[in-house]
Amino acid sequence: MRLFKRSRQLHGWLAALMLAILALAVAGCGNGKETAAVKPQQGDLTLVVGAYSVAKDAMGEILPLFAAEWKAKTGQTLTFQQSYEASGTQARAIAGGFEADVTLLAMEGDVDKLVKAGLVEADWKNRGVNGMVTRSVVALGTREGNPKGIHDFADLAKPGVKVLYPNPKTSGGAQWDINAIYGAGLKLSEEQEGAKDPAAAKAFLESVHANVESLDKSGRASMAAFEYGVGDVIVTYENELLARIAQGVKYEVIIPKNTILIENPAAVVDKYAEEHGTSEAADALVDYLTTPEAQQVFAKYGFRPVDEQVYAENESRYPVPAGLFDISYLGGWDEVRTTLYSKRGIWYQVLAGI
């Protein structure tokens with residue numbers, strides 16, 4: 001009888017212990033991120049970077065600088081897995097399961113896709129300069145000596161001029177190009193008629209697109225095609241042209257009178273970084289991109305720095321055209337996505353010839 005009694009006591013004690021463990025587990029599940037988050041990796045650390053193609057060369061210099069700073073601060077050796085694609089393609093890849101810890105993309109709209117997918121926190125613009133780490137403008141690049149006499153966007157519509165820009169369905173850079181041309185059409189209508197005329201701007205875009213040779217996947221692919229000998233003029237980022245000139249390629253750079261200010265964002269892909277235990281390093285990398293050291297590297301590769309001091313030191317390299325406008329002139333990104341790039345938008349009407 002005494003043995004039976006002890007057995008019952010032991011059984012009760014074990015049951016109570018199991019209930020306590022279960023209660024702790026349930027409480028842990030209810031606490032959200034704090035208890036569910038993976039602990040930061042100890043020892044060596046790998047960061048996965050998914051970026052748009054144009055950032056590749058600058059990031060090739062910036063990442064080792066950041067790794068050295070991180071090593072000095074934490075003792076950890078950082079390595080990087082890197083992927084460079086057209087911005088829209090990269091954003092779709094990350095949304096589809098490519099587990100990047102940090103992303104640099106061509107435009108705000110591509111980061112917004114990751115916010116909607118639940119991968120990036122909605123407050124991502126609190127970092128950098130409103131979330132941006134570089135700037136540029138849409139420019140025109142011609143063959144040495146500018147044999148076709150290109151001076152502005154209007155010249156791209158001349159008979160016999162072969163134009164290159166990438167496909168805005170895959171390339172963020174292409175959307176900046178289309179925004180610039182359409183916005184220049186609006187500016188011209190304001191000068192001539194006293195008000196913005198969307199119909200005139202659409203006609204202006206149509207006249208340029210009629211001379212386009214091909215729509216490549218990315219800005220880098222268009223640049224490669226141009227250097228292979230395709231086309232007379234390329235519509236692209238100013239920084240792409242300046243970087244290639246620095247490497248000895250013979251370009252003439254034309255900054256149109258009316259063109260758009262490009263702003264390029266970076267963000268931590270919070271969901272993946274938390275799962276990998278790399279949030280601290282990912283946060284630090286995005287912050288590092290706006291330091292004077294990183295901004296000087298971006299300037300070296302032709303980007304317009306967001307750091308005011310670094311910009312001032314390089315200001316003579318960056319002409320400011322009289323009619324420079326930003327995305328707000330077109331109503332902001334939400335308006336642009338609806339007006340230009342929706343299924344019945346202006347860009348798709350241009351493609352379809354309607």
# chains A, B, ... in the order shown; residues from 1 in each chain; ligands from 1
call {"tool": "select_by_dssp", "arguments": {"residues": "segment 198-313 of chain A", "states": "helix (DSSP H, G or I)", "output": "JSON, numbers by chain"}}
result
{"A": [198, 199, 200, 201, 202, 203, 204, 205, 206, 207, 208, 209, 219, 220, 221, 222, 223, 224, 225, 226, 227, 228, 238, 239, 240, 241, 242, 243, 244, 245, 246, 270, 271, 272, 273, 274, 275, 276, 279, 280, 281, 282, 283, 284, 285, 286, 287, 288, 292, 293, 294, 295, 296, 297, 298, 299, 300, 308, 309, 310, 311, 312, 313]}
call {"tool": "residues_around", "arguments": {"residues": "Ala68 of chain A", "least_positions_apart": "5", "cutoff": "10 Å", "atoms": "only C-alpha atoms", "output": "list in words"}}
result
Leu63, Lys73, Gly75, Gln76, Thr77 and Leu78 of chain A
call {"tool": "closest_residue", "arguments": {"among": "A:Phe98, A:Val286, A:Tyr182, A:Ala224", "to": "Trp124 of chain A", "atoms": "only C-alpha atoms"}}
result
A:Val286
call {"tool": "closest_residue", "arguments": {"among": "A:Pro159, A:Asp101, A:Gly173, A:Glu69", "to": "Tyr52 of chain A", "atoms": "only C-alpha atoms"}}
result
A:Gly173
call {"tool": "residues_around", "arguments": {"residues": "segment 133-143 of chain A", "least_positions_apart": "2", "cutoff": "6 Å", "atoms": "only C-alpha atoms", "output": "number ranges by chain"}}
result
A: 128, 146, 233-238, 251-255, 260-265, 290, 303-306
call {"tool": "write_last_selection", "arguments": {"atoms": "N, CA and C atoms", "output": "PDB file, in the first residue's frame"}}
result
ATOM      1  N   GLY A 128      18.962  55.768 -42.956  1.00  0.00           N
ATOM      2  CA  GLY A 128      19.529  56.520 -44.069  1.00  0.00           C
ATOM      3  C   GLY A 128      18.907  57.903 -44.143  1.00  0.00           C
ATOM      4  N   ASN A 146      29.584  62.323 -79.919  1.00  0.00           N
ATOM      5  CA  ASN A 146      28.146  62.547 -80.073  1.00  0.00           C
ATOM      6  C   ASN A 146      27.758  62.717 -81.550  1.00  0.00           C
ATOM      7  N   VAL A 233      22.273  55.831 -78.733  1.00  0.00           N
ATOM      8  CA  VAL A 233      22.183  56.554 -77.470  1.00  0.00           C
ATOM      9  C   VAL A 233      21.513  55.655 -76.442  1.00  0.00           C
ATOM     10  N   ILE A 234      21.986  55.713 -75.206  1.00  0.00           N
ATOM     11  CA  ILE A 234      21.405  54.928 -74.124  1.00  0.00           C
ATOM     12  C   ILE A 234      20.843  55.864 -73.069  1.00  0.00           C
ATOM     13  N   VAL A 235      19.642  55.539 -72.592  1.00  0.00           N
ATOM     14  CA  VAL A 235      19.024  56.272 -71.484  1.00  0.00           C
ATOM     15  C   VAL A 235      19.337  55.469 -70.227  1.00  0.00           C
ATOM     16  N   THR A 236      19.996  56.101 -69.257  1.00  0.00           N
ATOM     17  CA  THR A 236      20.464  55.337 -68.109  1.00  0.00           C
ATOM     18  C   THR A 236      20.758  56.257 -66.927  1.00  0.00           C
ATOM     19  N   TYR A 237      21.234  55.657 -65.849  1.00  0.00           N
ATOM     20  CA  TYR A 237      21.701  56.434 -64.700  1.00  0.00           C
ATOM     21  C   TYR A 237      22.962  57.215 -65.063  1.00  0.00           C
ATOM     22  N   GLU A 238      23.052  58.435 -64.600  1.00  0.00           N
ATOM     23  CA  GLU A 238      24.286  59.208 -64.737  1.00  0.00           C
ATOM     24  C   GLU A 238      25.477  58.455 -64.156  1.00  0.00           C
ATOM     25  N   TYR A 251      32.501  57.638 -73.567  1.00  0.00           N
ATOM     26  CA  TYR A 251      31.110  58.081 -73.615  1.00  0.00           C
ATOM     27  C   TYR A 251      31.057  59.598 -73.652  1.00  0.00           C
ATOM     28  N   GLU A 252      30.008  60.124 -74.257  1.00  0.00           N
ATOM     29  CA  GLU A 252      29.613  61.512 -74.051  1.00  0.00           C
ATOM     30  C   GLU A 252      28.384  61.487 -73.141  1.00  0.00           C
ATOM     31  N   VAL A 253      28.392  62.275 -72.083  1.00  0.00           N
ATOM     32  CA  VAL A 253      27.273  62.298 -71.139  1.00  0.00           C
ATOM     33  C   VAL A 253      26.453  63.561 -71.358  1.00  0.00           C
ATOM     34  N   ILE A 254      25.170  63.370 -71.599  1.00  0.00           N
ATOM     35  CA  ILE A 254      24.262  64.503 -71.773  1.00  0.00           C
ATOM     36  C   ILE A 254      23.240  64.469 -70.645  1.00  0.00           C
ATOM     37  N   ILE A 255      23.137  65.560 -69.904  1.00  0.00           N
ATOM     38  CA  ILE A 255      22.111  65.692 -68.867  1.00  0.00           C
ATOM     39  C   ILE A 255      20.980  66.528 -69.466  1.00  0.00           C
ATOM     40  N   ILE A 260      14.793  63.596 -64.183  1.00  0.00           N
ATOM     41  CA  ILE A 260      14.319  63.243 -62.846  1.00  0.00           C
ATOM     42  C   ILE A 260      15.467  62.925 -61.897  1.00  0.00           C
ATOM     43  N   LEU A 261      15.290  63.298 -60.642  1.00  0.00           N
ATOM     44  CA  LEU A 261      16.217  62.919 -59.579  1.00  0.00           C
ATOM     45  C   LEU A 261      15.903  61.490 -59.150  1.00  0.00           C
ATOM     46  N   ILE A 262      16.902  60.621 -59.234  1.00  0.00           N
ATOM     47  CA  ILE A 262      16.766  59.221 -58.840  1.00  0.00           C
ATOM     48  C   ILE A 262      17.172  59.090 -57.379  1.00  0.00           C
ATOM     49  N   GLU A 263      16.404  58.322 -56.614  1.00  0.00           N
ATOM     50  CA  GLU A 263      16.760  58.024 -55.224  1.00  0.00           C
ATOM     51  C   GLU A 263      16.674  56.514 -55.017  1.00  0.00           C
ATOM     52  N   ASN A 264      17.755  55.932 -54.487  1.00  0.00           N
ATOM     53  CA  ASN A 264      17.865  54.480 -54.359  1.00  0.00           C
ATOM     54  C   ASN A 264      17.877  54.057 -52.893  1.00  0.00           C
ATOM     55  N   PRO A 265      16.984  53.149 -52.491  1.00  0.00           N
ATOM     56  CA  PRO A 265      16.868  52.750 -51.086  1.00  0.00           C
ATOM     57  C   PRO A 265      17.675  51.507 -50.724  1.00  0.00           C
ATOM     58  N   THR A 290      25.395  54.877 -45.286  1.00  0.00           N
ATOM     59  CA  THR A 290      25.298  56.342 -45.325  1.00  0.00           C
ATOM     60  C   THR A 290      26.441  57.027 -44.572  1.00  0.00           C
ATOM     61  N   PHE A 303      27.699  57.820 -58.226  1.00  0.00           N
ATOM     62  CA  PHE A 303      26.447  58.144 -57.542  1.00  0.00           C
ATOM     63  C   PHE A 303      26.540  59.533 -56.912  1.00  0.00           C
ATOM     64  N   ARG A 304      25.399  60.189 -56.778  1.00  0.00           N
ATOM     65  CA  ARG A 304      25.329  61.448 -56.044  1.00  0.00           C
ATOM     66  C   ARG A 304      25.104  61.113 -54.571  1.00  0.00           C
ATOM     67  N   PRO A 305      26.050  61.472 -53.689  1.00  0.00           N
ATOM     68  CA  PRO A 305      25.945  61.062 -52.285  1.00  0.00           C
ATOM     69  C   PRO A 305      24.748  61.690 -51.587  1.00  0.00           C
ATOM     70  N   VAL A 306      24.188  60.959 -50.606  1.00  0.00           N
ATOM     71  CA  VAL A 306      23.135  61.531 -49.764  1.00  0.00           C
ATOM     72  C   VAL A 306      23.743  62.242 -48.558  1.00  0.00           C
TER      73      VAL A 306
END
call {"tool": "atom_distance", "arguments": {"atom1": "atom CA of Gly88 of chain A", "atom2": "atom CA of Ser53 of chain A"}}
result
10.5 Å
call {"tool": "closest_residue", "arguments": {"among": "A:Ala225, A:Leu324, A:Ala180, A:Ala154", "to": "Leu340 of chain A", "atoms": "only C-alpha atoms"}}
result
A:Ala180
call {"tool": "select_by_dssp", "arguments": {"residues": "segment 49-254 of chain A", "states": "strand (DSSP E or B)", "output": "PyMOL selection string"}}
result
chain A and resi 49-52+78-85+102-104+129+132-142+163-164+212-214+233-237+252-254
call {"tool": "residues_around", "arguments": {"residues": "Asn167 of chain A", "least_positions_apart": "4", "cutoff": "7 Å", "atoms": "only C-alpha atoms", "output": "number ranges by chain"}}
result
A: 171, 174, 215-218
call {"tool": "write_last_selection", "arguments": {"atoms": "C-alpha atoms", "output": "PDB file, in the first residue's frame"}}
result
ATOM      1  CA  SER A 171      14.140  46.917 -64.249  1.00  0.00           C
ATOM      2  CA  ALA A 174      13.916  51.486 -66.703  1.00  0.00           C
ATOM      3  CA  LEU A 215      14.100  46.322 -74.061  1.00  0.00           C
ATOM      4  CA  ASP A 216      16.770  44.574 -72.008  1.00  0.00           C
ATOM      5  CA  LYS A 217      16.240  42.903 -68.630  1.00  0.00           C
ATOM      6  CA  SER A 218      18.339  45.389 -66.620  1.00  0.00           C
TER       7      SER A 218
END
call {"tool": "atom_distance", "arguments": {"atom1": "atom CA of Val120 of chain A", "atom2": "atom CA of Pro168 of chain A"}}
result
22.9 Å
call {"tool": "atom_distance", "arguments": {"atom1": "atom CA of Leu188 of chain A", "atom2": "atom CA of Lys162 of chain A"}}
result
22.4 Å
